[in-house]
Structure formats: structure tokens, C-alpha cells
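> Provided herewith: final13.cif, mmCIF, C-alpha atoms.
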```cif
data_coords
loop_
_atom_site.label_atom_id
_atom_site.label_comp_id
_atom_site.auth_asym_id
_atom_site.auth_seq_id
_atom_site.Cartn_x
_atom_site.Cartn_y
_atom_site.Cartn_z
CA MET A 1 -2.71 -27.55 -57.89
CA VAL A 2 -5.21 -25.40 -59.81
CA ARG A 3 -4.80 -21.66 -59.22
CA THR A 4 -8.02 -19.63 -58.88
CA ALA A 5 -8.81 -17.44 -61.85
CA GLY A 6 -8.97 -14.24 -59.84
CA ARG A 7 -7.20 -12.88 -56.79
CA GLN A 8 -8.79 -10.55 -54.25
CA TRP A 9 -7.42 -7.01 -54.61
CA GLY A 10 -7.08 -6.67 -50.85
CA ALA A 11 -4.76 -9.70 -50.76
CA ILE A 12 -2.13 -7.92 -52.85
CA PRO A 13 0.51 -6.34 -50.58
CA ALA A 14 0.14 -2.56 -50.37
CA LYS A 15 3.67 -1.97 -51.67
CA VAL A 16 2.91 -4.01 -54.80
CA ARG A 17 -0.47 -2.35 -55.28
CA TRP A 18 0.94 1.18 -55.05
CA GLY A 19 3.86 0.18 -57.26
CA ARG A 20 1.44 -0.86 -59.99
CA GLN A 21 -0.46 2.40 -59.68
CA LEU A 22 2.83 4.31 -59.81
CA ARG A 23 3.84 2.64 -63.08
CA ALA A 24 0.42 3.39 -64.57
CA ALA A 25 0.64 7.02 -63.42
CA ARG A 26 4.09 7.42 -64.97
CA LYS A 27 2.80 6.07 -68.29
CA THR A 28 -0.15 8.46 -68.21
CA VAL A 29 2.13 11.43 -67.55
CA ALA A 30 4.47 10.40 -70.36
CA LYS A 31 1.60 10.13 -72.86
CA GLU A 32 -0.01 13.41 -71.81
CA ARG A 33 3.30 15.26 -72.06
CA GLY A 34 3.42 14.22 -75.70
CA TRP A 35 -0.18 15.24 -76.35
CA LEU A 36 0.48 18.59 -74.65
CA GLN A 37 2.98 19.44 -77.38
CA ASP A 38 0.26 19.15 -80.03
CA ASP A 39 -2.58 20.73 -78.04
CA PRO A 40 -1.40 22.79 -75.04
CA GLN A 41 -4.84 24.25 -74.31
CA GLY A 42 -6.59 20.88 -74.44
CA TRP A 43 -4.11 18.87 -72.34
CA ARG A 44 -2.65 21.35 -69.85
CA ASN A 45 -5.28 20.71 -67.17
CA ALA A 46 -5.26 16.93 -67.64
CA LEU A 47 -1.47 16.75 -67.39
CA SER A 48 -1.40 18.93 -64.26
CA ARG A 49 -3.91 16.58 -62.61
CA SER A 50 -1.89 13.51 -63.61
CA LEU A 51 1.33 15.06 -62.32
CA THR A 52 -0.40 15.86 -59.01
CA GLU A 53 -1.68 12.30 -58.75
CA LEU A 54 1.79 10.91 -59.48
CA GLY A 55 3.34 13.19 -56.87
CA GLY A 56 0.69 12.16 -54.36
CA LEU A 57 1.42 8.47 -54.89
CA LEU A 58 5.13 9.01 -54.35
CA ALA A 59 4.76 11.22 -51.30
CA GLU A 60 1.75 9.80 -49.48
CA LYS A 61 1.63 6.13 -50.41
CA LEU A 62 5.30 5.30 -50.99
CA ASP A 63 6.88 7.84 -48.61
CA ARG A 64 9.19 9.25 -51.27
CA PRO A 65 8.56 13.01 -51.04
CA ALA A 66 11.88 14.02 -52.60
CA GLU A 67 10.93 12.20 -55.81
CA ALA A 68 7.48 13.82 -55.74
CA LEU A 69 8.83 17.39 -55.71
CA PRO A 70 9.65 17.82 -59.42
CA PHE A 71 6.25 16.50 -60.47
CA LEU A 72 4.44 18.97 -58.22
CA GLN A 73 6.67 21.78 -59.45
CA GLU A 74 5.73 20.91 -63.03
CA ALA A 75 2.04 20.81 -62.10
CA VAL A 76 2.33 24.25 -60.49
CA ALA A 77 3.96 25.69 -63.61
CA LEU A 78 1.17 24.32 -65.81
CA ARG A 79 -1.53 25.64 -63.50
CA ARG A 80 0.07 29.07 -63.41
CA ASP A 81 -0.27 29.18 -67.19
CA GLU A 82 -3.91 28.12 -66.93
CA VAL A 83 -4.76 30.83 -64.38
CA GLU A 84 -3.38 33.40 -66.83
CA THR A 85 -5.80 32.36 -69.58
CA ALA A 86 -8.87 30.85 -67.86
CA GLU A 87 -11.64 32.83 -66.19
CA HIS A 88 -13.17 30.21 -63.89
CA PRO A 89 -12.19 30.36 -60.18
CA TYR A 90 -11.55 26.61 -60.00
CA CYS A 91 -8.25 27.23 -61.83
CA ARG A 92 -7.09 29.42 -58.93
CA ILE A 93 -8.31 26.85 -56.42
CA GLU A 94 -6.39 24.04 -58.13
CA LEU A 95 -3.24 26.15 -58.33
CA ALA A 96 -3.59 26.99 -54.62
CA GLN A 97 -3.93 23.29 -53.80
CA SER A 98 -0.81 22.43 -55.79
CA LEU A 99 1.17 25.25 -54.19
CA SER A 100 0.11 24.17 -50.72
CA THR A 101 1.12 20.59 -51.43
CA LEU A 102 4.46 21.79 -52.79
CA GLY A 103 5.05 23.69 -49.55
CA GLU A 104 4.25 20.58 -47.52
CA LEU A 105 6.65 18.48 -49.60
CA HIS A 106 9.50 20.90 -48.96
CA ALA A 107 8.78 20.62 -45.25
CA ALA A 108 8.71 16.81 -45.52
CA VAL A 109 12.24 16.78 -46.95
CA GLY A 110 13.51 19.12 -44.22
CA ARG A 111 13.33 22.38 -46.21
CA PRO A 112 10.37 24.27 -44.70
CA ALA A 113 11.89 27.69 -45.42
CA GLU A 114 11.74 26.89 -49.15
CA GLY A 115 8.17 25.68 -48.79
CA LEU A 116 6.88 28.78 -47.00
CA PRO A 117 6.53 31.05 -50.09
CA TYR A 118 4.40 28.40 -51.80
CA ALA A 119 2.08 28.13 -48.79
CA GLU A 120 1.81 31.92 -48.54
CA GLU A 121 1.01 32.22 -52.24
CA ALA A 122 -1.70 29.56 -51.88
CA VAL A 123 -3.38 31.65 -49.18
CA ASP A 124 -3.02 34.80 -51.29
CA LEU A 125 -4.75 33.05 -54.21
CA CYS A 126 -7.72 32.00 -52.11
CA ARG A 127 -8.26 35.29 -50.27
CA PRO A 128 -9.68 37.23 -53.25
CA LEU A 129 -12.12 34.41 -53.95
CA ALA A 130 -13.21 34.36 -50.32
CA GLU A 131 -13.54 38.17 -50.31
CA THR A 132 -15.92 37.90 -53.25
CA ASP A 133 -17.90 34.81 -52.14
CA LEU A 134 -16.98 33.68 -48.63
CA ALA A 135 -19.82 31.16 -48.36
CA ARG A 136 -18.43 29.20 -51.33
CA TYR A 137 -14.70 29.51 -50.79
CA ARG A 138 -14.13 29.69 -47.06
CA SER A 139 -13.31 25.97 -46.75
CA ASP A 140 -10.62 26.34 -49.45
CA LEU A 141 -9.11 29.31 -47.62
CA ALA A 142 -9.29 27.42 -44.31
CA GLU A 143 -7.32 24.47 -45.76
CA ARG A 144 -4.63 26.73 -47.15
CA LEU A 145 -4.35 28.67 -43.85
CA SER A 146 -4.04 25.43 -41.90
CA ALA A 147 -1.18 24.25 -44.12
CA LEU A 148 0.49 27.65 -43.76
CA GLY A 149 0.18 27.38 -39.98
CA ASP A 150 1.96 24.02 -40.02
CA LEU A 151 4.86 25.43 -42.04
CA LEU A 152 5.18 28.46 -39.79
CA ALA A 153 5.24 26.18 -36.77
CA ALA A 154 8.01 24.11 -38.37
CA LEU A 155 9.98 27.34 -38.79
CA ASP A 156 9.56 28.15 -35.07
CA ARG A 157 7.27 31.13 -35.64
CA PRO A 158 4.56 30.19 -33.12
CA ALA A 159 2.63 33.47 -33.00
CA GLU A 160 2.16 33.60 -36.78
CA ALA A 161 1.39 29.90 -36.89
CA GLN A 162 -1.32 30.30 -34.24
CA ALA A 163 -2.84 33.30 -36.07
CA ALA A 164 -3.16 31.27 -39.28
CA ARG A 165 -4.64 28.30 -37.42
CA ASP A 166 -7.09 30.50 -35.52
CA GLU A 167 -8.36 32.00 -38.74
CA ALA A 168 -8.66 28.55 -40.32
CA THR A 169 -10.70 27.34 -37.34
CA SER A 170 -12.94 30.41 -37.38
CA LEU A 171 -13.74 29.92 -41.06
CA GLU A 172 -15.49 26.66 -40.17
CA LYS A 173 -17.84 28.39 -37.71
CA GLU A 174 -21.24 30.01 -38.24
CA PRO A 175 -21.29 33.35 -40.12
CA GLU A 176 -22.27 35.24 -36.95
CA ASP A 177 -19.14 33.96 -35.18
CA LEU A 178 -17.07 34.69 -38.25
CA VAL A 179 -18.23 38.32 -38.23
CA ALA A 180 -17.17 38.64 -34.59
CA PHE A 181 -13.77 37.09 -35.36
CA TYR A 182 -13.01 39.38 -38.31
CA ARG A 183 -14.38 42.43 -36.53
CA GLY A 184 -11.77 41.93 -33.84
CA ARG A 185 -9.05 41.41 -36.42
CA ALA A 186 -10.14 44.47 -38.41
CA GLU A 187 -10.00 46.68 -35.32
CA ALA A 188 -6.38 45.63 -34.75
CA ASP A 189 -5.31 45.64 -38.42
CA PRO A 190 -7.93 47.39 -40.59
CA ASP A 191 -5.96 47.52 -43.82
CA ARG A 192 -5.50 43.77 -43.81
CA TYR A 193 -8.83 42.53 -42.45
CA ARG A 194 -11.53 44.98 -43.56
CA PRO A 195 -12.09 43.00 -46.79
CA ALA A 196 -12.55 39.82 -44.76
CA LEU A 197 -14.94 41.58 -42.36
CA ALA A 198 -17.01 42.80 -45.33
CA ALA A 199 -17.09 39.28 -46.76
CA SER A 200 -18.19 37.79 -43.44
CA LEU A 201 -20.96 40.40 -43.11
CA TYR A 202 -22.17 39.57 -46.60
CA CYS A 203 -22.10 35.86 -45.70
CA ARG A 204 -24.20 36.60 -42.59
CA TYR A 205 -26.63 38.68 -44.67
CA ASP A 206 -27.04 35.77 -47.09
CA GLN A 207 -27.71 33.33 -44.24
CA LEU A 208 -30.38 35.61 -42.73
CA LYS A 209 -31.99 36.32 -46.09
CA ARG A 210 -32.24 32.62 -46.86
CA GLY A 211 -33.75 32.13 -43.42
CA ASP A 212 -36.50 34.63 -44.35
CA ARG A 213 -35.23 37.25 -41.90
CA PRO A 214 -34.81 40.24 -44.26
CA ALA A 215 -35.07 42.96 -41.60
CA GLU A 216 -32.19 41.37 -39.65
CA ALA A 217 -30.18 40.88 -42.86
CA LEU A 218 -30.39 44.55 -43.82
CA PRO A 219 -27.79 46.03 -41.41
CA CYS A 220 -25.30 43.32 -42.38
CA VAL A 221 -25.45 44.10 -46.09
CA GLU A 222 -25.50 47.86 -45.41
CA GLU A 223 -22.26 47.56 -43.44
CA ALA A 224 -20.75 45.31 -46.13
CA VAL A 225 -21.56 47.98 -48.75
CA ALA A 226 -20.00 50.73 -46.64
CA LEU A 227 -16.81 48.71 -46.08
CA ARG A 228 -16.50 47.64 -49.70
CA ARG A 229 -17.08 51.18 -50.91
CA GLY A 230 -14.00 52.22 -48.95
CA LEU A 231 -11.99 49.44 -50.60
CA VAL A 232 -12.83 50.42 -54.19
CA VAL A 233 -10.17 53.07 -54.58
CA PRO A 234 -8.56 53.98 -57.93
CA GLY A 235 -6.54 51.03 -59.10
CA ALA A 236 -8.38 48.57 -56.83
CA ALA A 237 -8.23 44.91 -57.85
CA GLY A 238 -11.05 43.66 -60.04
CA HIS A 239 -12.36 41.22 -57.45
CA ARG A 240 -13.01 44.10 -55.04
CA ARG A 241 -15.06 45.95 -57.63
CA ILE A 242 -16.99 42.74 -58.29
CA ALA A 243 -17.65 42.26 -54.57
CA PHE A 244 -18.80 45.87 -54.20
CA ALA A 245 -21.14 45.63 -57.21
CA GLU A 246 -22.65 42.43 -55.84
CA SER A 247 -23.18 44.00 -52.41
CA LEU A 248 -24.91 47.01 -53.99
CA ARG A 249 -27.19 44.73 -55.98
CA ALA A 250 -27.99 42.67 -52.89
CA LEU A 251 -28.79 45.77 -50.85
CA GLY A 252 -31.08 47.07 -53.58
CA ALA A 253 -32.85 43.71 -53.89
CA LEU A 254 -33.37 43.49 -50.13
CA LEU A 255 -34.75 47.04 -49.89
CA GLY A 256 -37.10 46.21 -52.74
CA GLN A 257 -38.22 43.08 -50.89
CA LEU A 258 -38.88 45.27 -47.83
CA ASP A 259 -41.06 47.53 -50.01
CA ARG A 260 -38.56 50.38 -49.99
CA PRO A 261 -37.89 50.67 -53.75
CA ALA A 262 -37.11 54.40 -53.71
CA GLU A 263 -34.18 53.74 -51.36
CA ALA A 264 -33.14 50.70 -53.38
CA LEU A 265 -32.97 52.39 -56.77
CA PRO A 266 -29.73 54.42 -56.40
CA PHE A 267 -27.83 51.36 -55.13
CA VAL A 268 -28.95 49.27 -58.10
CA GLU A 269 -28.19 52.06 -60.58
CA GLU A 270 -24.68 52.28 -59.12
CA ALA A 271 -24.33 48.51 -59.38
CA VAL A 272 -25.36 48.63 -63.06
CA ALA A 273 -22.72 51.27 -63.78
CA LEU A 274 -20.04 49.19 -62.04
CA ARG A 275 -21.08 46.03 -63.87
CA ARG A 276 -20.96 47.81 -67.23
CA GLY A 277 -17.40 48.84 -66.50
CA LEU A 278 -16.45 45.29 -65.55
CA VAL A 279 -17.97 43.90 -68.75
CA GLU A 280 -15.96 46.41 -70.80
CA VAL A 281 -12.72 45.47 -69.03
CA VAL A 282 -13.20 41.72 -68.55
CA GLY A 283 -15.87 40.82 -71.10
CA ALA A 284 -16.21 37.29 -69.69
CA PRO A 285 -19.56 35.42 -69.75
CA ARG A 286 -19.88 35.53 -65.97
CA GLN A 287 -19.61 39.33 -65.98
CA ARG A 288 -22.21 39.69 -68.71
CA LEU A 289 -24.59 37.46 -66.78
CA ALA A 290 -24.01 39.49 -63.61
CA LEU A 291 -24.83 42.69 -65.52
CA ALA A 292 -28.01 41.09 -66.86
CA VAL A 293 -29.11 40.07 -63.35
CA THR A 294 -28.61 43.64 -62.13
CA LEU A 295 -30.44 45.15 -65.12
CA ARG A 296 -33.35 42.79 -64.50
CA LEU A 297 -33.55 43.96 -60.91
CA LEU A 298 -33.45 47.59 -62.05
CA GLY A 299 -36.43 46.95 -64.32
CA ARG A 300 -38.39 45.36 -61.49
CA LEU A 301 -37.67 48.24 -59.13
CA LEU A 302 -38.88 50.76 -61.72
CA GLY A 303 -42.08 48.76 -61.95
CA GLN A 304 -42.41 48.85 -58.15
CA LEU A 305 -41.96 52.62 -58.26
CA ASP A 306 -44.84 52.96 -60.73
CA ARG A 307 -42.42 53.93 -63.49
CA PRO A 308 -43.05 50.91 -65.74
CA ALA A 309 -42.47 52.77 -69.01
CA GLU A 310 -38.80 53.23 -68.08
CA ALA A 311 -38.27 49.53 -67.30
CA PRO A 312 -38.48 47.59 -70.63
CA PRO A 313 -35.20 48.88 -72.14
CA PHE A 314 -33.26 47.50 -69.17
CA ALA A 315 -35.15 44.21 -69.28
CA ARG A 316 -34.55 43.91 -73.05
CA GLU A 317 -30.85 44.54 -72.57
CA ALA A 318 -30.77 41.81 -69.92
CA VAL A 319 -32.45 39.36 -72.33
CA ASP A 320 -30.02 40.23 -75.14
CA LEU A 321 -26.99 39.85 -72.86
CA VAL A 322 -28.01 36.48 -71.45
CA ARG A 323 -29.19 35.14 -74.80
CA GLY A 324 -25.79 35.92 -76.29
CA VAL A 325 -24.03 34.12 -73.46
CA ALA A 326 -26.43 31.14 -73.52
CA GLU A 327 -25.87 30.69 -77.26
CA SER A 328 -22.08 30.72 -76.88
CA GLU A 329 -21.91 28.71 -73.63
CA THR A 330 -24.30 25.91 -74.52
CA ASP A 331 -22.81 23.42 -72.04
CA ASP A 332 -23.58 25.61 -69.02
CA LEU A 333 -27.29 25.36 -68.25
CA ARG A 334 -27.15 28.21 -65.74
CA TYR A 335 -27.12 30.69 -68.61
CA GLN A 336 -30.31 29.22 -70.03
CA ALA A 337 -31.83 29.45 -66.57
CA GLY A 338 -30.83 33.11 -66.44
CA LEU A 339 -32.39 33.65 -69.86
CA ALA A 340 -35.68 32.16 -68.62
CA LEU A 341 -35.79 34.60 -65.70
CA SER A 342 -34.93 37.57 -67.92
CA LEU A 343 -37.60 36.67 -70.49
CA HIS A 344 -40.21 36.36 -67.74
CA THR A 345 -39.33 39.79 -66.37
CA LEU A 346 -39.57 41.41 -69.81
CA GLY A 347 -42.89 39.74 -70.56
CA GLU A 348 -44.28 40.78 -67.19
CA LEU A 349 -43.21 44.40 -67.64
CA LEU A 350 -44.68 44.65 -71.15
CA ALA A 351 -47.93 43.10 -69.92
CA ALA A 352 -48.09 45.70 -67.13
CA LEU A 353 -47.83 48.39 -69.82
CA ASP A 354 -50.85 46.87 -71.63
CA ARG A 355 -48.69 45.66 -74.51
CA PRO A 356 -49.69 41.98 -74.51
CA ALA A 357 -48.88 41.32 -78.17
CA GLU A 358 -45.26 42.35 -77.53
CA ALA A 359 -45.19 40.45 -74.26
CA LEU A 360 -46.47 37.13 -75.64
CA PRO A 361 -43.31 35.71 -77.32
CA PHE A 362 -41.20 36.53 -74.28
CA ALA A 363 -43.73 35.09 -71.84
CA GLN A 364 -44.11 31.91 -73.92
CA GLU A 365 -40.36 31.39 -74.31
CA ALA A 366 -39.91 31.95 -70.57
CA VAL A 367 -42.41 29.18 -69.81
CA ASP A 368 -40.73 26.81 -72.28
CA LEU A 369 -37.30 27.41 -70.77
CA HIS A 370 -38.61 27.15 -67.21
CA ARG A 371 -40.13 23.78 -68.05
CA ALA A 372 -36.85 22.60 -69.53
CA ARG A 373 -34.78 23.89 -66.60
CA ILE A 374 -37.12 23.07 -63.73
CA THR A 375 -34.38 21.22 -61.85
CA LEU A 376 -32.33 24.42 -61.76
CA LEU A 377 -35.11 26.94 -61.22
CA GLY A 378 -37.76 25.04 -59.30
CA ASN A 379 -41.55 24.91 -59.53
CA ARG A 380 -42.18 28.36 -58.11
CA ASN A 381 -40.45 30.14 -60.98
CA LEU A 382 -42.40 28.06 -63.52
CA THR A 383 -45.62 28.87 -61.63
CA GLY A 384 -44.93 32.61 -61.89
CA ALA A 385 -44.06 32.36 -65.59
CA LEU A 386 -47.28 30.45 -66.29
CA ARG A 387 -49.38 33.04 -64.47
CA THR A 388 -47.79 35.84 -66.47
CA LEU A 389 -48.45 33.91 -69.69
CA ALA A 390 -52.07 33.39 -68.62
CA ASP A 391 -52.53 37.13 -68.06
CA VAL A 392 -51.04 37.91 -71.47
CA LEU A 393 -53.24 35.35 -73.23
CA ALA A 394 -56.33 36.65 -71.46
CA ALA A 395 -55.51 40.21 -72.55
CA LEU A 396 -55.24 38.91 -76.13
CA ASP A 397 -58.74 37.38 -75.84
CA ARG A 398 -57.51 33.79 -75.89
CA PRO A 399 -59.42 32.53 -72.83
CA THR A 400 -59.04 28.79 -73.40
CA GLU A 401 -55.25 28.95 -73.58
CA ALA A 402 -55.17 31.36 -70.65
CA GLN A 403 -57.19 28.97 -68.52
CA ALA A 404 -54.90 26.08 -69.46
CA ALA A 405 -51.87 28.06 -68.26
CA ARG A 406 -53.65 28.99 -65.01
CA ASP A 407 -54.66 25.35 -64.42
CA GLU A 408 -51.07 24.21 -64.90
CA ALA A 409 -49.84 26.90 -62.47
CA THR A 410 -52.46 25.83 -59.91
CA ALA A 411 -51.47 22.18 -60.29
CA LEU A 412 -47.85 23.04 -59.55
CA GLY A 413 -49.00 24.70 -56.31
CA GLY A 414 -47.10 27.02 -53.99
CA GLU A 415 -46.50 30.71 -54.08
CA THR A 416 -44.51 32.28 -56.85
CA GLU A 417 -40.93 33.16 -56.03
CA THR A 418 -39.99 36.81 -55.79
CA ASP A 419 -37.28 37.44 -58.35
CA THR A 420 -34.46 39.18 -56.50
CA GLN A 421 -31.67 37.50 -58.43
#
```
What do you get writing this file as C-alpha cells?


Amino acid sequence: MVRTAGRQWGAIPAKVRWGRQLRAARKTVAKERGWLQDDPQGWRNALSRSLTELGGLLAEKLDRPAEALPFLQEAVALRRDEVETAEHPYCRIELAQSLSTLGELHAAVGRPAEGLPYAEEAVDLCRPLAETDLARYRSDLAERLSALGDLLAALDRPAEAQAARDEATSLEKEPEDLVAFYRGRAEADPDRYRPALAASLYCRYDQLKRGDRPAEALPCVEEAVALRRGLVVPGAAGHRRIAFAESLRALGALLGQLDRPAEALPFVEEAVALRRGLVEVVGAPRQRLALAVTLRLLGRLLGQLDRPAEAPPFAREAVDLVRGVAESETDDLRYQAGLALSLHTLGELLAALDRPAEALPFAQEAVDLHRARITLLGNRNLTGALRTLADVLAALDRPTEAQAARDEATALGGETETDTQ
């Protein structure tokens, strides 16, 4: 009898299929362990992922959690090392995921008490990220809290288990409901939950601002600033200073949008001072970009206040900061997008001071970068940059080029976007 050349994957028994994957995963781990010896920085993350995958196959597909434990422990150790050296938050998220899984594995082999510290550490890793940017990280915190709740339940600690599960459930709700949840928690335990209340208020502010409801957003960000100010005591963790600086910047931007620049200015000046301190301490690209964003806003507010002569130095500093980052971080297009916005602001401010010859190279480069990064920045930013370029060209008595820029802006359509970044 002639055997068919191929066999349907689904026809292979699950045990055989997972066994094949297990052998392949073991080979991958063995190879990457060797490569790690020659290049620890280059292979640490890859090996930690492979170890996690191998542990997952053993625990979830083959029901062998005891064998999975050492692989997850090795992955956790590698990810701890990475968190020590890497700036990006995803390293903390991946470590938290591995820790949470390690806690679950201990529970699966009948040792939940040993698993509890891992689950608690996973929550502790995610909380600072959620305090800084709740909208982005609340699902990660919710997953870690849910796993912690399960472990606490297995240890017959029902009240603590329910508290963790309640918080996990609340994190999936709308920001307005989340504010109400954390407000209640903060009243009962202010030291523990005031940071979370501030984060939820900032999340609600962001939702209202995006919904074009700035007047309703204002009290939320004002309360977030007040709460976060109280948290930035001497020796406060860096993430709390970052969150406070961002809240100050947001409050200043919103007041500027509401045509209250005089009230906005001191908040933005305070944010600039905080960001300078963070750049000196941390020096990471993300902190330099955040300082540039705040400096750009400061320049715009000075223009709103009819103090345009004071604005260009801040806008120039923003351009220099972002250009330096964009040149060193060429793979991250967000920095080039930030450079485009900063160049536009500087060109616009110089044009307002009747210095079109100085403004021209910045306005032209802004248009070029906006065109190249239109998927990140959108048409409205390119429209604004083109209109600024047209004004500069007209002031330089180059009417044909100015009209071409205006025609392109008109063809793109839509209103220009207010730069409150």
C-alpha cells in the first residue's frame, strides 16, 4: 500500500505533538545557553523567552509542573539581570509575568506558601508602571493581582484574596469607575492607595481630554497634581517624580488649551525643573525626550503670553535634545516624530518674531520629517507644518513656493492639530 506523502498535523496525537515541541524547545535552550556565554547582553532575553516557553510546555501541555519549575526559576534570574541594566518597561513586565507563573507553578505542586512571594513581587513590579501610566499598564497589573488572589485563596486567606480580585476586576472598568474604587480605598488606607487614586484620576483626565471635554478634564488633572505633589517627598522613588512631572505638564497644556496661559506657566516651569533633574540622574533617551516635550510646551506658552522673545531658547534646547536622541536611537521612529514637532515649534516661534531667514531651515526640515513620519503624526501635523513653511516663504518674498506649500496644506484638508504634547 502506498503511504501518502504528507500527514495532517491534526491527526498526530496531542501527546506526540507536544513531545516533539518539547524536544525542539530543549535543543533551543541548550544552544542559547552556549551563546549566552559568549554574548550575555545579546542572548539573555532570547534565552529567558525560550526557558519560559519550555516551562510552559511542560506545565500546561504535558502536565509536568514540577519539571517546569527550574526552567522558570532560571528565566526569572535572567530577567532580574535584564531589569537591572535595561531602561524599557517591558523588561519589568516580562519579569512580572515570569514571577507570576513561578508562583502558580509552586501552587500546582502543592507549595503555595513558597509561591506567594513571587506573586507579591510580580504585583509590586507592575504597580510603579501603573502609577506612572495606568491606561497602558492596568491590564498587566490586573493579571498579576488576579494570580495573587488565587494564591491567597489557596492559602486560606479569603479576605486578602478577595481584595486582590476586587482590584483586578476594577482595573478592567471605565476610568470613572476606577476613580470611585480607588477613592474608597484611599480613604481607608491613604498611604497605600493615594498613588493609585492619582493614577486613576490622570487616566480619567486623559479619557476626557481625548473626548474633547477639556473643562471636565481639568479638575481630574488638578487633583492628580495635588496628590502626586504630596507623594514626591525627599527620597521618593523615581517613578513618582516622573508621574508628578507628567501631571504638571498635562495640567499646563490643558490650561493653555483653555486659554489660561498665565495660570499654566508656573506648572510647566516646575515640570521643566523636575525633568532636568531626572535627565541628570537617569540620562536615558526617554527622559531626554520627555524634557524636550515639556520645553516645547513652555515655548508655546510664552508665545501665548505675548512673550515670544523668551521662547526660542527653550525651543532650540528641545530640538537639540531630540535630535541627539534621534541620531543615537535610529530604530525608534518616535524620536524622529518628536524632532519634527520640535522643529515646527522653533520655526513657528522664529517666524512670529519676524526672523524668517532663521526660521526657514527649521520649518523646511519639519515638513520633510512630517512627510516621512505621517503614519505616526497624522495629516493635521503636516498641514500645520506646511502652513508655517508657507508663512516663512512669503515673508522671504518667495511667493511661488509659499503658494505651493499652502496648496499642499489645503489638499490635505482638516484643521491643524494643537500641539500640547

> Skipping near chain neighbours, those fewer than 3 positions away, what residues fall within 12 Å of stretch 316-319 of chain A using all atoms listed in the file, listed as JSON, numbers by chain?

{"A": [272, 276, 288, 289, 290, 291, 292, 293, 294, 295, 296, 297, 298, 299, 300, 310, 311, 312, 313, 322, 323, 324, 325, 326, 327, 335, 336, 337, 338, 339, 340, 341, 342, 343, 344, 345, 346, 347, 348, 349, 350, 358, 359, 362, 365, 366]}

> Translate the PyMOL selection byres ((chain A and resi 265) around 10), as applied to the file shown, into an explicit residue set as JSON, numbers by chain.

{"A": [249, 251, 252, 253, 255, 256, 260, 261, 262, 263, 264, 266, 267, 268, 269, 270, 271, 297, 298, 299, 301, 302, 305]}

> Given the file above and the PyMOL selection byres ((chain A and resi 206) around 12), which residues are selected, and can you give them as a PyMOL selection string?

chain A and resi 133-136+175-176+199-205+207-214+216-221+224+246-247+250-251+253-254

> For the file shown, report as a ChimeraX atom specification the outcome of the PyMOL selection byres ((chain A and resi 33) around 12) at residue level.

/A:26-32,34-40,42-51,74-75,78

> In Å, rounded to a single decimal, give me how far atom CA of A:Arg228 is from atom CA of A:Phe314.

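Computing the Euclidean distance for atom CA of A:Phe314 and atom CA of A:Arg228 yields 25.7 Å.
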
> Just to confirm, what's the straight-line distance from atom CA of A:Arg240 to atom CA of A:Ala119 in Å (one decimal)?

22.8 Å

> Which polymer residues have any atom within 9 Å of an atom of stretch 146-151 of chain A, counting all atoms listed in the file, with same-chain residues fewer than 2 positions away left out, as a PDB file with C-alpha atoms, in the coordinates of the input?


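Listing of out.pdb after writing:
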```pdb
ATOM      1  CA  SER A 100       0.110  24.170 -50.720  1.00  0.00           C
ATOM      2  CA  THR A 101       1.120  20.590 -51.430  1.00  0.00           C
ATOM      3  CA  GLY A 103       5.050  23.690 -49.550  1.00  0.00           C
ATOM      4  CA  GLU A 104       4.250  20.580 -47.520  1.00  0.00           C
ATOM      5  CA  ALA A 107       8.780  20.620 -45.250  1.00  0.00           C
ATOM      6  CA  PRO A 112      10.370  24.270 -44.700  1.00  0.00           C
ATOM      7  CA  ALA A 113      11.890  27.690 -45.420  1.00  0.00           C
ATOM      8  CA  GLY A 115       8.170  25.680 -48.790  1.00  0.00           C
ATOM      9  CA  LEU A 116       6.880  28.780 -47.000  1.00  0.00           C
ATOM     10  CA  TYR A 118       4.400  28.400 -51.800  1.00  0.00           C
ATOM     11  CA  ALA A 119       2.080  28.130 -48.790  1.00  0.00           C
ATOM     12  CA  GLU A 120       1.810  31.920 -48.540  1.00  0.00           C
ATOM     13  CA  ALA A 122      -1.700  29.560 -51.880  1.00  0.00           C
ATOM     14  CA  VAL A 123      -3.380  31.650 -49.180  1.00  0.00           C
ATOM     15  CA  LEU A 141      -9.110  29.310 -47.620  1.00  0.00           C
ATOM     16  CA  ALA A 142      -9.290  27.420 -44.310  1.00  0.00           C
ATOM     17  CA  GLU A 143      -7.320  24.470 -45.760  1.00  0.00           C
ATOM     18  CA  ARG A 144      -4.630  26.730 -47.150  1.00  0.00           C
ATOM     19  CA  ALA A 153       5.240  26.180 -36.770  1.00  0.00           C
ATOM     20  CA  ALA A 154       8.010  24.110 -38.370  1.00  0.00           C
ATOM     21  CA  LEU A 155       9.980  27.340 -38.790  1.00  0.00           C
ATOM     22  CA  ASP A 156       9.560  28.150 -35.070  1.00  0.00           C
ATOM     23  CA  ARG A 157       7.270  31.130 -35.640  1.00  0.00           C
ATOM     24  CA  PRO A 158       4.560  30.190 -33.120  1.00  0.00           C
ATOM     25  CA  GLU A 160       2.160  33.600 -36.780  1.00  0.00           C
ATOM     26  CA  ALA A 161       1.390  29.900 -36.890  1.00  0.00           C
ATOM     27  CA  GLN A 162      -1.320  30.300 -34.240  1.00  0.00           C
ATOM     28  CA  ALA A 163      -2.840  33.300 -36.070  1.00  0.00           C
ATOM     29  CA  ALA A 164      -3.160  31.270 -39.280  1.00  0.00           C
ATOM     30  CA  ARG A 165      -4.640  28.300 -37.420  1.00  0.00           C
ATOM     31  CA  ASP A 166      -7.090  30.500 -35.520  1.00  0.00           C
ATOM     32  CA  GLU A 167      -8.360  32.000 -38.740  1.00  0.00           C
ATOM     33  CA  ALA A 168      -8.660  28.550 -40.320  1.00  0.00           C
ATOM     34  CA  THR A 169     -10.700  27.340 -37.340  1.00  0.00           C
TER      35      THR A 169
END
```

> In Å, with one decimal, what is the gap from atom CA of A:Leu152 to atom CA of A:Phe181?

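Answer for the atom CA of A:Leu152 to atom CA of A:Phe181 separation: 21.3 Å.
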
> Between A:Thr52, A:Ala186, A:Pro285, A:Val392, which one has atoms that come closest to A:Asp332, using all atoms listed in the file?

A:Pro285

> My list of candidates is A:Lys173, A:Pro70, A:Leu22, A:Leu145. Which is closest to A:Leu58 when distances are computed with all atoms listed in the file?

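The answer is A:Leu22, which sits nearest to A:Leu58.
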